[in-house]
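Coordinates as given in data.cif (mmCIF, C-alpha atoms):
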data_input
#
loop_
_atom_site.group_PDB
_atom_site.id
_atom_site.type_symbol
_atom_site.label_atom_id
_atom_site.label_comp_id
_atom_site.auth_asym_id
_atom_site.auth_seq_id
_atom_site.Cartn_x
_atom_site.Cartn_y
_atom_site.Cartn_z
ATOM 1 C CA MET A 163 33.250 -12.959 -10.569
ATOM 2 C CA SER A 164 30.202 -15.066 -9.856
ATOM 3 C CA TRP A 165 27.741 -14.175 -7.109
ATOM 4 C CA HIS A 166 25.631 -17.346 -7.339
ATOM 5 C CA TRP A 167 26.619 -18.360 -3.803
ATOM 6 C CA LEU A 168 24.880 -15.345 -2.280
ATOM 7 C CA PRO A 169 21.465 -16.010 -0.710
ATOM 8 C CA ASP A 170 18.342 -14.481 -2.247
ATOM 9 C CA PRO A 171 18.229 -10.913 -0.857
ATOM 10 C CA LYS A 172 14.436 -11.032 -0.550
ATOM 11 C CA GLY A 173 14.399 -14.126 1.661
ATOM 12 C CA THR A 174 11.646 -16.717 1.382
ATOM 13 C CA PHE A 175 8.229 -15.936 -0.097
ATOM 14 C CA SER A 176 5.474 -15.554 2.513
ATOM 15 C CA HIS A 177 2.204 -14.579 0.790
ATOM 16 C CA ARG A 178 0.569 -12.321 -1.804
ATOM 17 C CA ILE A 179 -2.292 -9.898 -1.322
ATOM 18 C CA GLN A 180 -4.018 -8.500 -4.394
ATOM 19 C CA PHE A 181 -7.005 -6.178 -4.192
ATOM 20 C CA LEU A 182 -8.995 -3.718 -6.251
ATOM 21 C CA VAL A 183 -9.991 -0.155 -5.337
ATOM 22 C CA PRO A 184 -13.013 0.434 -7.596
ATOM 23 C CA GLU A 185 -12.855 4.177 -8.181
ATOM 24 C CA LEU A 186 -10.833 6.831 -9.950
ATOM 25 C CA PRO A 187 -7.184 6.645 -8.794
ATOM 26 C CA MET A 188 -5.858 9.717 -7.019
ATOM 27 C CA SER A 189 -2.266 10.906 -6.887
ATOM 28 C CA HIS A 190 -0.509 12.227 -3.818
ATOM 29 C CA LYS A 191 -0.579 16.031 -3.557
ATOM 30 C CA ARG A 192 1.513 18.351 -1.453
ATOM 31 C CA ALA A 193 0.224 19.361 1.969
ATOM 32 C CA LYS A 194 -1.317 22.836 1.993
ATOM 33 C CA ALA A 195 -0.197 25.635 4.288
ATOM 34 C CA ALA A 196 -2.402 28.354 5.742
ATOM 35 C CA LYS A 197 -1.979 31.291 8.092
ATOM 36 C CA THR A 198 -4.133 31.904 11.164
ATOM 37 C CA LYS A 199 -5.365 35.333 12.253
ATOM 38 C CA ALA A 200 -2.649 35.327 14.902
ATOM 39 C CA GLY A 201 -0.013 34.886 12.177
ATOM 40 C CA PHE A 202 0.870 31.246 12.817
ATOM 41 C CA LEU A 203 1.363 28.839 9.934
ATOM 42 C CA TYR A 204 -0.184 25.386 9.915
ATOM 43 C CA THR A 205 -0.327 22.612 7.348
ATOM 44 C CA TYR A 206 -3.240 20.391 6.446
ATOM 45 C CA THR A 207 -4.069 17.583 4.042
ATOM 46 C CA LYS A 208 -7.107 17.850 1.788
ATOM 47 C CA SER A 209 -10.045 15.778 3.012
ATOM 48 C CA SER A 210 -10.464 14.126 -0.401
ATOM 49 C CA MET A 211 -6.972 12.599 -0.051
ATOM 50 C CA LEU A 212 -7.747 11.302 3.432
ATOM 51 C CA GLU A 213 -11.037 9.803 2.230
ATOM 52 C CA TYR A 214 -9.315 8.053 -0.680
ATOM 53 C CA GLN A 215 -6.654 6.642 1.656
ATOM 54 C CA ALA A 216 -9.402 5.336 3.947
ATOM 55 C CA ARG A 217 -11.053 3.581 0.986
ATOM 56 C CA VAL A 218 -7.709 1.983 0.041
ATOM 57 C CA ARG A 219 -7.271 0.745 3.637
ATOM 58 C CA ASN A 220 -10.824 -0.639 3.651
ATOM 59 C CA ALA A 221 -10.210 -2.533 0.392
ATOM 60 C CA PHE A 222 -6.951 -3.929 1.806
ATOM 61 C CA TYR A 223 -8.675 -4.929 5.034
ATOM 62 C CA ALA A 224 -11.548 -6.620 3.156
ATOM 63 C CA GLU A 225 -9.053 -8.660 1.129
ATOM 64 C CA CYS A 226 -7.200 -9.694 4.301
ATOM 65 C CA VAL A 227 -10.496 -10.882 5.791
ATOM 66 C CA ARG A 228 -11.386 -12.696 2.560
ATOM 67 C CA GLN A 229 -8.033 -14.501 2.580
ATOM 68 C CA SER A 230 -8.452 -15.243 6.305
ATOM 69 C CA ARG A 231 -5.200 -13.488 7.089
ATOM 70 C CA VAL A 232 -4.513 -12.750 10.718
ATOM 71 C CA ILE A 233 -4.219 -8.989 10.753
ATOM 72 C CA ASP A 234 -3.878 -8.264 14.442
ATOM 73 C CA HIS A 235 -0.335 -9.598 14.588
ATOM 74 C CA PRO A 236 2.641 -7.433 13.652
ATOM 75 C CA TRP A 237 3.560 -8.046 10.051
ATOM 76 C CA ASP A 238 6.939 -9.522 9.397
ATOM 77 C CA ASN A 239 9.321 -6.650 8.805
ATOM 78 C CA GLY A 240 10.688 -8.364 5.704
ATOM 79 C CA PRO A 241 10.854 -6.980 2.183
ATOM 80 C CA VAL A 242 7.752 -6.192 0.126
ATOM 81 C CA VAL A 243 7.359 -6.142 -3.662
ATOM 82 C CA PHE A 244 4.693 -3.562 -4.590
ATOM 83 C CA SER A 245 2.891 -3.387 -7.925
ATOM 84 C CA MET A 246 0.055 -1.084 -8.979
ATOM 85 C CA ILE A 247 -1.942 -0.586 -12.168
ATOM 86 C CA ALA A 248 -4.093 2.558 -12.236
ATOM 87 C CA TYR A 249 -6.906 2.565 -14.801
ATOM 88 C CA PHE A 250 -8.142 5.983 -15.929
ATOM 89 C CA PRO A 251 -11.127 6.745 -18.190
ATOM 90 C CA LYS A 252 -10.462 6.843 -21.905
ATOM 91 C CA ALA A 253 -10.547 10.229 -23.581
ATOM 92 C CA ARG A 254 -13.943 11.017 -25.099
ATOM 93 C CA THR A 255 -12.436 12.367 -28.273
ATOM 94 C CA THR A 256 -9.313 11.030 -29.857
ATOM 95 C CA TRP A 257 -8.628 13.637 -32.492
ATOM 96 C CA PHE A 258 -4.970 12.643 -32.631
ATOM 97 C CA GLU A 259 -2.821 9.755 -31.445
ATOM 98 C CA GLY A 260 -1.505 10.135 -27.918
ATOM 99 C CA LYS A 261 -4.475 12.125 -26.605
ATOM 100 C CA ASP A 262 -4.770 9.633 -23.715
ATOM 101 C CA CYS A 263 -1.303 10.596 -22.463
ATOM 102 C CA GLU A 264 -2.356 14.054 -21.271
ATOM 103 C CA ASP A 265 -3.251 12.811 -17.765
ATOM 104 C CA PRO A 266 -1.776 15.045 -15.005
ATOM 105 C CA ASN A 267 -1.203 12.160 -12.544
ATOM 106 C CA ASP A 268 2.354 10.859 -12.204
ATOM 107 C CA CYS A 269 2.896 7.137 -11.683
ATOM 108 C CA ASP A 270 5.147 7.700 -8.675
ATOM 109 C CA ASN A 271 2.577 9.955 -6.969
ATOM 110 C CA LEU A 272 -0.168 7.388 -7.611
ATOM 111 C CA ALA A 273 1.937 4.704 -5.913
ATOM 112 C CA LYS A 274 2.922 7.074 -3.091
ATOM 113 C CA MET A 275 -0.743 7.712 -2.264
ATOM 114 C CA VAL A 276 -1.463 3.980 -1.873
ATOM 115 C CA GLN A 277 1.768 3.358 0.028
ATOM 116 C CA ASP A 278 0.970 6.140 2.486
ATOM 117 C CA ALA A 279 -2.517 4.710 2.982
ATOM 118 C CA LEU A 280 -1.096 1.282 3.863
ATOM 119 C CA ASN A 281 1.837 2.606 5.883
ATOM 120 C CA GLY A 282 2.211 1.953 9.580
ATOM 121 C CA ARG A 283 -0.146 0.555 12.127
ATOM 122 C CA ARG A 284 -3.661 1.927 12.467
ATOM 123 C CA SER A 285 -6.367 1.031 14.949
ATOM 124 C CA VAL A 286 -9.712 -0.194 13.644
ATOM 125 C CA LYS A 287 -12.892 -1.016 15.566
ATOM 126 C CA LEU A 288 -14.287 -4.423 14.653
ATOM 127 C CA MET A 289 -17.580 -5.979 15.657
ATOM 128 C CA THR A 290 -16.622 -9.580 16.382
ATOM 129 C CA PRO A 291 -18.807 -12.304 17.906
ATOM 130 C CA ASP A 292 -17.725 -13.552 21.312
ATOM 131 C CA PRO A 293 -17.179 -17.337 21.089
ATOM 132 C CA LEU A 294 -18.740 -17.939 24.534
ATOM 133 C CA THR A 295 -21.823 -15.728 24.474
ATOM 134 C CA GLY A 296 -22.328 -15.209 20.728
ATOM 135 C CA ARG A 297 -22.799 -11.459 21.261
ATOM 136 C CA LYS A 298 -20.948 -9.045 19.068
ATOM 137 C CA SER A 299 -18.434 -6.868 20.849
ATOM 138 C CA LYS A 300 -16.140 -4.073 19.761
ATOM 139 C CA GLN A 301 -12.514 -5.014 19.450
ATOM 140 C CA MET A 302 -9.611 -2.747 18.547
ATOM 141 C CA VAL A 303 -7.385 -4.271 15.884
ATOM 142 C CA GLN A 304 -4.282 -2.691 14.470
ATOM 143 C CA PHE A 305 -3.369 -3.291 10.887
ATOM 144 C CA GLY A 306 -1.279 -1.951 8.048
ATOM 145 C CA ALA A 307 0.400 -3.599 5.082
ATOM 146 C CA TRP A 308 3.856 -2.898 6.488
ATOM 147 C CA ILE A 309 5.495 -1.224 9.420
ATOM 148 C CA ASP A 310 7.204 1.388 7.246
ATOM 149 C CA ASP A 311 7.229 1.881 3.486
ATOM 150 C CA LYS A 312 11.033 1.615 3.458
ATOM 151 C CA GLN A 313 10.374 -2.164 3.398
ATOM 152 C CA VAL A 314 9.274 -1.836 -0.258
ATOM 153 C CA ILE A 315 12.276 -3.069 -2.239
ATOM 154 C CA SER A 316 10.626 -3.158 -5.659
ATOM 155 C CA LEU A 317 8.021 -0.740 -6.982
ATOM 156 C CA HIS A 318 6.153 -1.129 -10.251
ATOM 157 C CA SER A 319 3.523 1.464 -11.140
ATOM 158 C CA THR A 320 1.597 1.600 -14.419
ATOM 159 C CA LYS A 321 -1.059 3.936 -15.844
ATOM 160 C CA ASP A 322 -3.535 2.593 -18.344
ATOM 161 C CA TYR A 323 -6.789 3.789 -19.902
ATOM 162 C CA HIS A 324 -9.952 1.707 -19.743
ATOM 163 C CA ASP A 325 -13.736 2.023 -19.619
ATOM 164 C CA GLU A 326 -13.719 1.172 -15.892
ATOM 165 C CA THR A 327 -11.710 3.316 -13.461
ATOM 166 C CA CYS A 328 -9.965 1.450 -10.652
ATOM 167 C CA SER A 329 -6.603 0.568 -9.119
ATOM 168 C CA LEU A 330 -5.284 -2.989 -9.004
ATOM 169 C CA ILE A 331 -2.714 -3.390 -6.217
ATOM 170 C CA THR A 332 -0.521 -6.443 -5.689
ATOM 171 C CA MET A 333 1.870 -6.922 -2.787
ATOM 172 C CA ASP A 334 4.254 -9.846 -2.319
ATOM 173 C CA PHE A 335 5.454 -10.264 1.252
ATOM 174 C CA TRP A 336 8.748 -12.014 1.979
ATOM 175 C CA HIS A 337 10.305 -13.323 5.173
ATOM 176 C CA ARG A 338 13.671 -11.829 5.894
ATOM 177 C CA ASN A 339 16.573 -14.273 5.771
ATOM 178 C CA GLU A 340 18.478 -14.382 9.020
ATOM 179 C CA ARG A 341 22.118 -13.562 8.507
ATOM 180 C CA PRO A 342 24.491 -16.136 9.890
ATOM 181 C CA ARG A 343 26.081 -14.895 13.055
ATOM 182 C CA LYS A 344 29.820 -14.892 13.452
ATOM 183 C CA ARG A 345 31.160 -17.337 15.931
ATOM 184 C CA GLN A 346 32.439 -15.758 19.077
ATOM 185 C CA PRO A 347 36.051 -16.622 19.874
ATOM 186 C CA ARG A 348 36.381 -18.736 22.979
#

Can you turn what I pasted into C-alpha cells?
Amino acid sequence: MSWHWLPDPKGTFSHRIQFLVPELPMSHKRAKAAKTKAGFLYTYTKSSMLEYQARVRNAFYAECVRQSRVIDHPWDNGPVVFSMIAYFPKARTTWFEGKDCEDPNDCDNLAKMVQDALNGRRSVKLMTPDPLTGRKSKQMVQFGAWIDDKQVISLHSTKDYHDETCSLITMDFWHRNERPRKRQPR
C-alpha cells in the first residue's frame, strides 16, 4: 500500500538556528537529595549544571539576535529537528586503539542537558534603546527554543574528539500543518 498521498508530517520548513557553545560539553546528571536537620528531604541541582545551561541559553539568544529573529513572540508549537555534535578533547596518550572511547558522557544525556536549557519560556532583562528618547531601558523578554521538548520529533546526537572542545547545536523549526476539518452535516 502506498502512502505517498499523506502530507509531510513535519509541515512546512520555517527556519534553522545553528550555534556554538565554546566550552567542554556537560551531560545531564541526576538531581541530588539531601536531608535537613529536621529530617526533611529536599532535592537540588548542582550549580555547575545550572551555569552550563545558562551559557547554552546565552549562546542561543546571541544567535537569535545575530539572525534578527523576533524572540519575544511565542514560538510556533510545531515540530523541531534537533542535532548536536559534542567535541571532547583528544586523549593525551593513545597507547591502544579506542582509547578515545572511554568518555563517561552518554550522547543522550548530552542532548538532554541542552534540551533542558532551551526548554520552556524564560524571562530575560534586555537593555534596549527607546526609539523616541534614545535612552536605554530595561525590558523583560521571554524566550526559549520551544514551548516543551516534546516538540522534538528527531534527535541526532554525536560525540567526537577534537583539539577544541565545544558543542555545535542545530535546530530546524517547522510550521505545523493544519489538519483539514471535517465538514459538519447540515

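You can rank A:Ile315, A:Leu330, A:Met188, A:Val183 by their closest distance to Asn267 in chain A using only C-alpha atoms, and at the top of that list sits A:Met188.
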
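Using only C-alpha atoms, the nearest neighbour of Ile331 in chain A within the list A:Pro266, A:Gly282, A:Pro187, A:Pro251 is A:Pro187.
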
Mind checking which residues fall within 9 Å of range 216-222 of chain A, counting only C-alpha atoms, ignoring those fewer than 6 positions away in the same chain, and posting them as a PDB file with C-alpha atoms, in the coordinates of the input?
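So the final result, stored in selection04.pdb, reads:
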ATOM      1  CA  ILE A 179      -2.292  -9.898  -1.322  1.00  0.00           C
ATOM      2  CA  GLN A 180      -4.018  -8.500  -4.394  1.00  0.00           C
ATOM      3  CA  PHE A 181      -7.005  -6.178  -4.192  1.00  0.00           C
ATOM      4  CA  LEU A 182      -8.995  -3.718  -6.251  1.00  0.00           C
ATOM      5  CA  VAL A 183      -9.991  -0.155  -5.337  1.00  0.00           C
ATOM      6  CA  PRO A 184     -13.013   0.434  -7.596  1.00  0.00           C
ATOM      7  CA  VAL A 276      -1.463   3.980  -1.873  1.00  0.00           C
ATOM      8  CA  ALA A 279      -2.517   4.710   2.982  1.00  0.00           C
ATOM      9  CA  LEU A 280      -1.096   1.282   3.863  1.00  0.00           C
ATOM     10  CA  GLY A 306      -1.279  -1.951   8.048  1.00  0.00           C
ATOM     11  CA  ALA A 307       0.400  -3.599   5.082  1.00  0.00           C
TER      12      ALA A 307
END

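A straight line drawn from CA of Arg178 in chain A to CA of Phe335 in chain A is 6.1 Å long.
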
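Against this structure, the PyMOL selection byres ((chain A and resi 317-322) around 6) ends up with Phe244, Ser245, Met246, Ile247, Ala248, Tyr249, Cys269, Ser316 and Tyr323 of chain A.
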
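As for CA of Trp336 in chain A and CA of Thr174 in chain A, they are spaced 5.6 Å apart.
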
Kindly add N, CA and C atoms to the incomplete range 266-279 of chain A and provide the output as a CSV table (one decimal), in the coordinates of the input.
chain,number,residue,atom,x,y,z
A,266,PRO,N,-2.7,14.3,-15.9
A,266,PRO,CA,-1.8,15.0,-15.0
A,266,PRO,C,-1.2,14.2,-13.9
A,267,ASN,N,-1.7,13.0,-13.7
A,267,ASN,CA,-1.2,12.2,-12.5
A,267,ASN,C,0.1,11.4,-12.9
A,268,ASP,N,1.1,11.6,-12.0
A,268,ASP,CA,2.4,10.9,-12.2
A,268,ASP,C,2.2,9.5,-11.6
A,269,CYS,N,2.9,8.5,-12.2
A,269,CYS,CA,2.9,7.1,-11.7
A,269,CYS,C,3.5,7.1,-10.3
A,270,ASP,N,4.5,7.8,-10.0
A,270,ASP,CA,5.1,7.7,-8.7
A,270,ASP,C,4.2,8.3,-7.6
A,271,ASN,N,3.5,9.4,-7.9
A,271,ASN,CA,2.6,10.0,-7.0
A,271,ASN,C,1.3,9.1,-6.8
A,272,LEU,N,0.9,8.3,-7.8
A,272,LEU,CA,-0.2,7.4,-7.6
A,272,LEU,C,0.2,6.3,-6.6
A,273,ALA,N,1.4,5.8,-6.8
A,273,ALA,CA,1.9,4.7,-5.9
A,273,ALA,C,2.2,5.2,-4.5
A,274,LYS,N,2.7,6.5,-4.4
A,274,LYS,CA,2.9,7.1,-3.1
A,274,LYS,C,1.6,7.2,-2.3
A,275,MET,N,0.5,7.6,-3.0
A,275,MET,CA,-0.7,7.7,-2.3
A,275,MET,C,-1.2,6.4,-1.6
A,276,VAL,N,-1.1,5.3,-2.4
A,276,VAL,CA,-1.5,4.0,-1.9
A,276,VAL,C,-0.5,3.5,-0.8
A,277,GLN,N,0.8,3.8,-1.0
A,277,GLN,CA,1.8,3.4,0.0
A,277,GLN,C,1.5,4.1,1.3
A,278,ASP,N,1.2,5.4,1.3
A,278,ASP,CA,1.0,6.1,2.5
A,278,ASP,C,-0.3,5.6,3.2
A,279,ALA,N,-1.3,5.2,2.4
A,279,ALA,CA,-2.5,4.7,3.0
A,279,ALA,C,-2.3,3.4,3.7
